[in-house]
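One file, work-v1.cif, carrying mmCIF, C-alpha atoms:
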data_upload
#
loop_
_atom_site.group_PDB
_atom_site.id
_atom_site.type_symbol
_atom_site.label_atom_id
_atom_site.label_comp_id
_atom_site.auth_asym_id
_atom_site.auth_seq_id
_atom_site.Cartn_x
_atom_site.Cartn_y
_atom_site.Cartn_z
ATOM 1 C CA MET A 22 -13.682 -35.968 6.428
ATOM 2 C CA GLN A 23 -11.166 -34.953 9.112
ATOM 3 C CA ALA A 24 -8.365 -34.908 6.510
ATOM 4 C CA GLU A 25 -10.407 -32.572 4.305
ATOM 5 C CA LEU A 26 -10.964 -30.156 7.223
ATOM 6 C CA GLU A 27 -7.266 -30.326 8.074
ATOM 7 C CA ASN A 28 -6.366 -29.489 4.463
ATOM 8 C CA ARG A 29 -8.787 -26.560 4.362
ATOM 9 C CA PHE A 30 -7.309 -25.197 7.585
ATOM 10 C CA GLN A 31 -3.754 -25.520 6.249
ATOM 11 C CA GLU A 32 -4.754 -23.757 3.016
ATOM 12 C CA PHE A 33 -6.351 -20.965 5.029
ATOM 13 C CA VAL A 34 -3.231 -20.501 7.158
ATOM 14 C CA ARG A 35 -0.924 -20.474 4.111
ATOM 15 C CA ALA A 36 -3.116 -17.935 2.328
ATOM 16 C CA ARG A 37 -3.840 -15.592 5.258
ATOM 17 C CA TRP A 38 -0.821 -15.909 7.615
ATOM 18 C CA SER A 39 1.040 -12.757 6.577
ATOM 19 C CA HIS A 40 -2.137 -10.673 6.508
ATOM 20 C CA LEU A 41 -3.155 -11.845 9.984
ATOM 21 C CA VAL A 42 0.346 -11.210 11.361
ATOM 22 C CA ARG A 43 0.287 -7.659 9.916
ATOM 23 C CA THR A 44 -3.035 -7.009 11.616
ATOM 24 C CA ALA A 45 -1.722 -8.460 14.872
ATOM 25 C CA TYR A 46 1.390 -6.282 14.567
ATOM 26 C CA LEU A 47 -0.746 -3.181 14.320
ATOM 27 C CA LEU A 48 -2.693 -4.322 17.376
ATOM 28 C CA THR A 49 0.369 -5.143 19.473
ATOM 29 C CA GLY A 50 3.136 -2.905 18.134
ATOM 30 C CA ASP A 51 5.664 -5.739 18.367
ATOM 31 C CA ALA A 52 6.591 -8.317 15.725
ATOM 32 C CA HIS A 53 7.157 -11.138 18.220
ATOM 33 C CA HIS A 54 3.892 -10.475 20.072
ATOM 34 C CA ALA A 55 2.141 -10.311 16.702
ATOM 35 C CA GLU A 56 3.340 -13.763 15.697
ATOM 36 C CA ASP A 57 2.468 -15.175 19.119
ATOM 37 C CA LEU A 58 -0.966 -13.565 18.972
ATOM 38 C CA THR A 59 -1.584 -14.942 15.471
ATOM 39 C CA GLN A 60 -0.510 -18.426 16.537
ATOM 40 C CA THR A 61 -2.789 -18.275 19.578
ATOM 41 C CA ALA A 62 -5.767 -17.194 17.480
ATOM 42 C CA LEU A 63 -5.067 -19.855 14.855
ATOM 43 C CA ALA A 64 -4.726 -22.535 17.533
ATOM 44 C CA LYS A 65 -8.180 -21.578 18.809
ATOM 45 C CA ALA A 66 -9.491 -21.533 15.240
ATOM 46 C CA TYR A 67 -8.047 -25.000 14.612
ATOM 47 C CA ARG A 68 -9.825 -26.442 17.647
ATOM 48 C CA SER A 69 -13.143 -25.210 16.264
ATOM 49 C CA TRP A 70 -12.323 -25.226 12.551
ATOM 50 C CA ARG A 71 -15.503 -27.081 11.607
ATOM 51 C CA ARG A 72 -17.547 -24.119 12.918
ATOM 52 C CA VAL A 73 -15.102 -21.464 11.613
ATOM 53 C CA ALA A 74 -15.090 -22.987 8.115
ATOM 54 C CA ARG A 75 -18.906 -22.860 8.025
ATOM 55 C CA ALA A 76 -18.896 -19.123 8.757
ATOM 56 C CA ASP A 77 -19.699 -16.734 5.909
ATOM 57 C CA ASN A 78 -16.239 -15.216 6.264
ATOM 58 C CA PRO A 79 -13.683 -17.400 8.066
ATOM 59 C CA GLU A 80 -11.084 -14.617 7.936
ATOM 60 C CA ALA A 81 -13.390 -12.222 9.788
ATOM 61 C CA TYR A 82 -14.022 -14.955 12.354
ATOM 62 C CA VAL A 83 -10.277 -15.418 12.909
ATOM 63 C CA ARG A 84 -9.725 -11.642 12.928
ATOM 64 C CA ARG A 85 -12.214 -11.398 15.775
ATOM 65 C CA MET A 86 -10.263 -14.122 17.558
ATOM 66 C CA LEU A 87 -7.113 -11.995 17.095
ATOM 67 C CA VAL A 88 -8.766 -9.000 18.723
ATOM 68 C CA SER A 89 -10.119 -11.128 21.566
ATOM 69 C CA CYS A 90 -6.752 -12.782 22.179
ATOM 70 C CA ASN A 91 -5.100 -9.361 22.204
ATOM 71 C CA SER A 92 -7.627 -8.108 24.745
ATOM 72 C CA ASP A 93 -6.954 -11.204 26.846
ATOM 73 C CA ARG A 94 -3.269 -10.206 27.005
ATOM 74 C CA PHE A 95 -4.299 -7.052 28.847
ATOM 75 C CA ARG A 96 -6.788 -8.807 31.095
ATOM 76 C CA LYS A 97 -4.372 -11.480 32.269
ATOM 77 C CA ARG A 98 -1.464 -9.194 33.010
ATOM 78 C CA ARG A 99 -0.455 -5.692 32.222
ATOM 79 C CA VAL A 100 1.788 -5.794 29.184
ATOM 80 C CA GLN A 101 4.652 -3.350 29.102
ATOM 81 C CA GLU A 102 5.173 -2.022 25.616
ATOM 82 C CA SER A 103 8.267 -0.048 24.946
ATOM 83 C CA LEU A 104 8.381 1.243 21.420
ATOM 84 C CA THR A 105 11.243 3.526 20.588
ATOM 85 C CA ALA A 106 10.702 7.052 19.360
ATOM 86 C CA ALA A 107 13.197 6.564 16.523
ATOM 87 C CA PRO A 108 14.368 3.557 14.527
ATOM 88 C CA PRO A 109 17.834 2.164 15.236
ATOM 89 C CA ASP A 110 20.728 3.756 13.414
ATOM 90 C CA ARG A 111 21.159 2.111 10.047
ATOM 91 C CA ALA A 112 22.873 3.039 6.862
ATOM 92 C CA GLY A 113 20.327 3.706 4.168
ATOM 93 C CA SER A 114 18.822 6.201 1.843
ATOM 94 C CA GLU A 115 17.199 9.362 3.111
ATOM 95 C CA GLU A 116 13.872 8.138 1.758
ATOM 96 C CA ALA A 117 14.145 4.882 3.712
ATOM 97 C CA THR A 118 15.092 6.801 6.846
ATOM 98 C CA SER A 119 12.106 9.117 6.374
ATOM 99 C CA TRP A 120 9.787 6.150 5.871
ATOM 100 C CA ALA A 121 11.186 4.467 8.984
ATOM 101 C CA ALA A 122 10.675 7.653 11.023
ATOM 102 C CA GLU A 123 7.076 7.941 9.828
ATOM 103 C CA ARG A 124 6.383 4.293 10.592
ATOM 104 C CA SER A 125 8.021 4.577 14.011
ATOM 105 C CA ALA A 126 5.991 7.674 14.856
ATOM 106 C CA LEU A 127 2.772 5.972 13.751
ATOM 107 C CA MET A 128 3.513 2.787 15.713
ATOM 108 C CA THR A 129 4.372 4.786 18.837
ATOM 109 C CA ALA A 130 1.187 6.823 18.457
ATOM 110 C CA LEU A 131 -0.908 3.661 17.963
ATOM 111 C CA ALA A 132 0.704 2.120 21.055
ATOM 112 C CA GLY A 133 -0.523 5.132 23.025
ATOM 113 C CA LEU A 134 -4.156 4.379 22.209
ATOM 114 C CA PRO A 135 -6.253 2.212 24.510
ATOM 115 C CA PRO A 136 -6.608 -1.341 23.099
ATOM 116 C CA ARG A 137 -10.201 -0.918 21.883
ATOM 117 C CA GLN A 138 -9.493 2.390 20.130
ATOM 118 C CA ARG A 139 -6.384 0.891 18.567
ATOM 119 C CA ALA A 140 -8.357 -2.120 17.318
ATOM 120 C CA VAL A 141 -11.014 0.148 15.785
ATOM 121 C CA VAL A 142 -8.474 2.457 14.120
ATOM 122 C CA VAL A 143 -6.454 -0.479 12.746
ATOM 123 C CA MET A 144 -9.477 -2.295 11.360
ATOM 124 C CA ARG A 145 -11.206 0.824 9.987
ATOM 125 C CA TYR A 146 -8.248 2.593 8.432
ATOM 126 C CA TRP A 147 -5.608 -0.087 7.870
ATOM 127 C CA GLU A 148 -7.782 -3.092 7.121
ATOM 128 C CA ASP A 149 -10.334 -0.802 5.422
ATOM 129 C CA LEU A 150 -13.309 -2.564 7.017
ATOM 130 C CA SER A 151 -16.695 -0.877 7.187
ATOM 131 C CA GLU A 152 -18.111 0.282 10.517
ATOM 132 C CA ALA A 153 -20.549 -2.645 10.444
ATOM 133 C CA GLU A 154 -17.729 -5.139 9.815
ATOM 134 C CA VAL A 155 -15.631 -3.710 12.654
ATOM 135 C CA ALA A 156 -18.688 -3.800 14.925
ATOM 136 C CA GLY A 157 -19.156 -7.464 14.022
ATOM 137 C CA VAL A 158 -15.524 -8.293 14.771
ATOM 138 C CA LEU A 159 -15.540 -6.456 18.097
ATOM 139 C CA GLY A 160 -19.040 -7.515 19.093
ATOM 140 C CA CYS A 161 -20.301 -3.963 19.599
ATOM 141 C CA SER A 162 -22.608 -1.502 17.869
ATOM 142 C CA PRO A 163 -21.613 0.595 14.845
ATOM 143 C CA GLY A 164 -22.134 3.665 17.053
ATOM 144 C CA THR A 165 -19.440 2.391 19.414
ATOM 145 C CA VAL A 166 -17.123 1.901 16.429
ATOM 146 C CA LYS A 167 -17.810 5.493 15.313
ATOM 147 C CA SER A 168 -17.143 6.953 18.760
ATOM 148 C CA GLN A 169 -14.002 4.855 19.328
ATOM 149 C CA ALA A 170 -12.676 5.794 15.875
ATOM 150 C CA SER A 171 -13.402 9.465 16.514
ATOM 151 C CA LYS A 172 -11.666 9.411 19.892
ATOM 152 C CA GLY A 173 -8.720 7.423 18.546
ATOM 153 C CA LEU A 174 -8.217 9.711 15.551
ATOM 154 C CA ALA A 175 -8.514 12.795 17.761
ATOM 155 C CA LYS A 176 -5.776 11.421 20.005
ATOM 156 C CA LEU A 177 -3.582 10.542 17.011
ATOM 157 C CA ARG A 178 -4.032 14.081 15.643
ATOM 158 C CA THR A 179 -2.511 15.500 18.809
ATOM 159 C CA TYR A 180 0.423 13.090 18.978
ATOM 160 C CA PRO A 181 3.548 15.281 18.610
ATOM 161 C CA GLY A 182 5.464 12.882 16.350
ATOM 162 C CA LEU A 183 2.614 12.719 13.840
ATOM 163 C CA VAL A 184 1.926 16.450 13.992
ATOM 164 C CA GLN A 185 5.588 17.142 13.144
ATOM 165 C CA LEU A 186 5.482 14.736 10.189
ATOM 166 C CA ALA A 187 2.373 16.424 8.824
ATOM 167 C CA GLY A 188 3.940 19.846 9.198
ATOM 168 C CA GLY A 189 1.447 20.860 11.865
ATOM 169 C CA THR A 190 -1.579 20.499 9.575
ATOM 170 C CA VAL A 191 -3.042 17.437 11.315
ATOM 171 C CA ALA A 192 -3.629 19.122 14.655
ATOM 172 C CA SER A 193 -5.081 22.247 13.065
ATOM 173 C CA GLY A 194 -7.588 20.231 11.031
ATOM 174 C CA GLN A 195 -6.192 21.413 7.676
ATOM 175 C CA GLY A 196 -5.132 17.968 6.565
ATOM 176 C CA GLY A 197 -5.640 14.277 7.137
ATOM 177 C CA THR A 198 -3.516 11.752 8.923
ATOM 178 C CA ARG A 199 -0.843 9.910 6.996
#
Starting from the file, lay out its structure as structure tokens.
Amino acid sequence: MQAELENRFQEFVRARWSHLVRTAYLLTGDAHHAEDLTQTALAKAYRSWRRVARADNPEAYVRRMLVSCNSDRFRKRRVQESLTAAPPDRAGSEEATSWAAERSALMTALAGLPPRQRAVVVMRYWEDLSEAEVAGVLGCSPGTVKSQASKGLAKLRTYPGLVQLAGGTVASGQGGTR
């Protein structure tokens, strides 16, 4: 029986690793922290895999562990995040440079959000989870998800790097975020 559980866990990790790391990256803003965070959450999931595997949605269970582990980073010690305003100089096409600038601006703006707002914005608009699903992951009410999303999006709309990319339409309410 233990071997079967071990195999199911390994299959889960192989299938969901990159997706979980992407989510962790959006939560942390750093690729190395994202991998560490994912490994920490999966280590906790492994220790209680029998219970996690019985859940209706094991991925949602592990996603909640990701958010909790990320919150723990801030509780244990203040984490200094230093995202750069622009990507490093690299030779490449203008389109790739534009994409990198947009991504950099978005990551810097996300890093400026408080951890809970960032988690809500990432799960609602990147992971495309419903308000109820986000509330379940974060262990809060759907109303809290709505208010945190509203506050987070309002802050993102005023972030200068994103406003410039949108040609000023985001801050004025004439367009959506990218």
- Atom pair CA of Ser171 (chain A) / CA of Cys90 (chain A): separation (Å):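 Answer for the CA of Ser171 (chain A) to CA of Cys90 (chain A) separation: 23.9 Å.
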- Ala45 (chain A) environment, 7 Å, only C-alpha atoms, sequence neighbours closer than 2 positions dropped, as number ranges by chain: A: 41-43, 47-49, 55, 58-59, 87
Output C-alpha atoms of each residue in that selection to a file, as an mmCIF file, in the coordinates of the input.
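Final output, saved to selection_35.cif:
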data_model
loop_
_atom_site.group_PDB
_atom_site.id
_atom_site.type_symbol
_atom_site.label_atom_id
_atom_site.label_comp_id
_atom_site.auth_asym_id
_atom_site.auth_seq_id
_atom_site.Cartn_x
_atom_site.Cartn_y
_atom_site.Cartn_z
ATOM 1 C CA LEU A 41 -3.155 -11.845 9.984
ATOM 2 C CA VAL A 42 0.346 -11.210 11.361
ATOM 3 C CA ARG A 43 0.287 -7.659 9.916
ATOM 4 C CA LEU A 47 -0.746 -3.181 14.320
ATOM 5 C CA LEU A 48 -2.693 -4.322 17.376
ATOM 6 C CA THR A 49 0.369 -5.143 19.473
ATOM 7 C CA ALA A 55 2.141 -10.311 16.702
ATOM 8 C CA LEU A 58 -0.966 -13.565 18.972
ATOM 9 C CA THR A 59 -1.584 -14.942 15.471
ATOM 10 C CA LEU A 87 -7.113 -11.995 17.095
#
- Task: Enter the distance from CA of Met86 (chain A) to CA of Ala62 (chain A), in Å, rounded to one decimal.
- Result: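 Atom-to-atom, CA of Met86 (chain A) to CA of Ala62 (chain A), that is 5.4 Å.
Checking A:Leu63, A:Val142, A:Ala74, A:Ala52 one by one against Arg29 (chain A), counting all atoms listed in the file, you find the shortest gap at A:Ala74.
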Which residues come within 8 Å of region 147-157 of chain A, counting only C-alpha atoms, excluding same-chain residues fewer than 5 positions away, as a compact mmCIF listing (two decimals) with C-alpha atoms, in the coordinates of the input?
# COMPACT_ATOMS: atom_id res chain seq x y z
CA THR A 44 -3.04 -7.01 11.62
CA VAL A 141 -11.01 0.15 15.78
CA VAL A 142 -8.47 2.46 14.12
CA SER A 162 -22.61 -1.50 17.87
CA PRO A 163 -21.61 0.60 14.84
CA THR A 165 -19.44 2.39 19.41
CA VAL A 166 -17.12 1.90 16.43
CA LYS A 167 -17.81 5.49 15.31
- Residue with the minimum atom-to-atom distance to Leu131 (chain A), picked from A:Gln60, A:Asn78, A:Asp51, A:Val158 with only C-alpha atoms counted, is A:Asp51
- Task: Find the spatial neighbours of Gln31 (chain A), counting only C-alpha atoms, within a cut-off of 12 Å - ignore same-chain residues fewer than 6 positions away - and output them as a PyMOL selection string.
- Result: chain A and resi 24-25+37-38+63-64+66-67+70+74
Pull C-alpha atoms from the residues just selected and write them as a PDB file, in the coordinates of the input.
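Dumped to again35.pdb:
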ATOM      1  CA  ALA A  24      -8.365 -34.908   6.510  1.00  0.00           C
ATOM      2  CA  GLU A  25     -10.407 -32.572   4.305  1.00  0.00           C
ATOM      3  CA  ARG A  37      -3.840 -15.592   5.258  1.00  0.00           C
ATOM      4  CA  TRP A  38      -0.821 -15.909   7.615  1.00  0.00           C
ATOM      5  CA  LEU A  63      -5.067 -19.855  14.855  1.00  0.00           C
ATOM      6  CA  ALA A  64      -4.726 -22.535  17.533  1.00  0.00           C
ATOM      7  CA  ALA A  66      -9.491 -21.533  15.240  1.00  0.00           C
ATOM      8  CA  TYR A  67      -8.047 -25.000  14.612  1.00  0.00           C
ATOM      9  CA  TRP A  70     -12.323 -25.226  12.551  1.00  0.00           C
ATOM     10  CA  ALA A  74     -15.090 -22.987   8.115  1.00  0.00           C
TER      11      ALA A  74
END
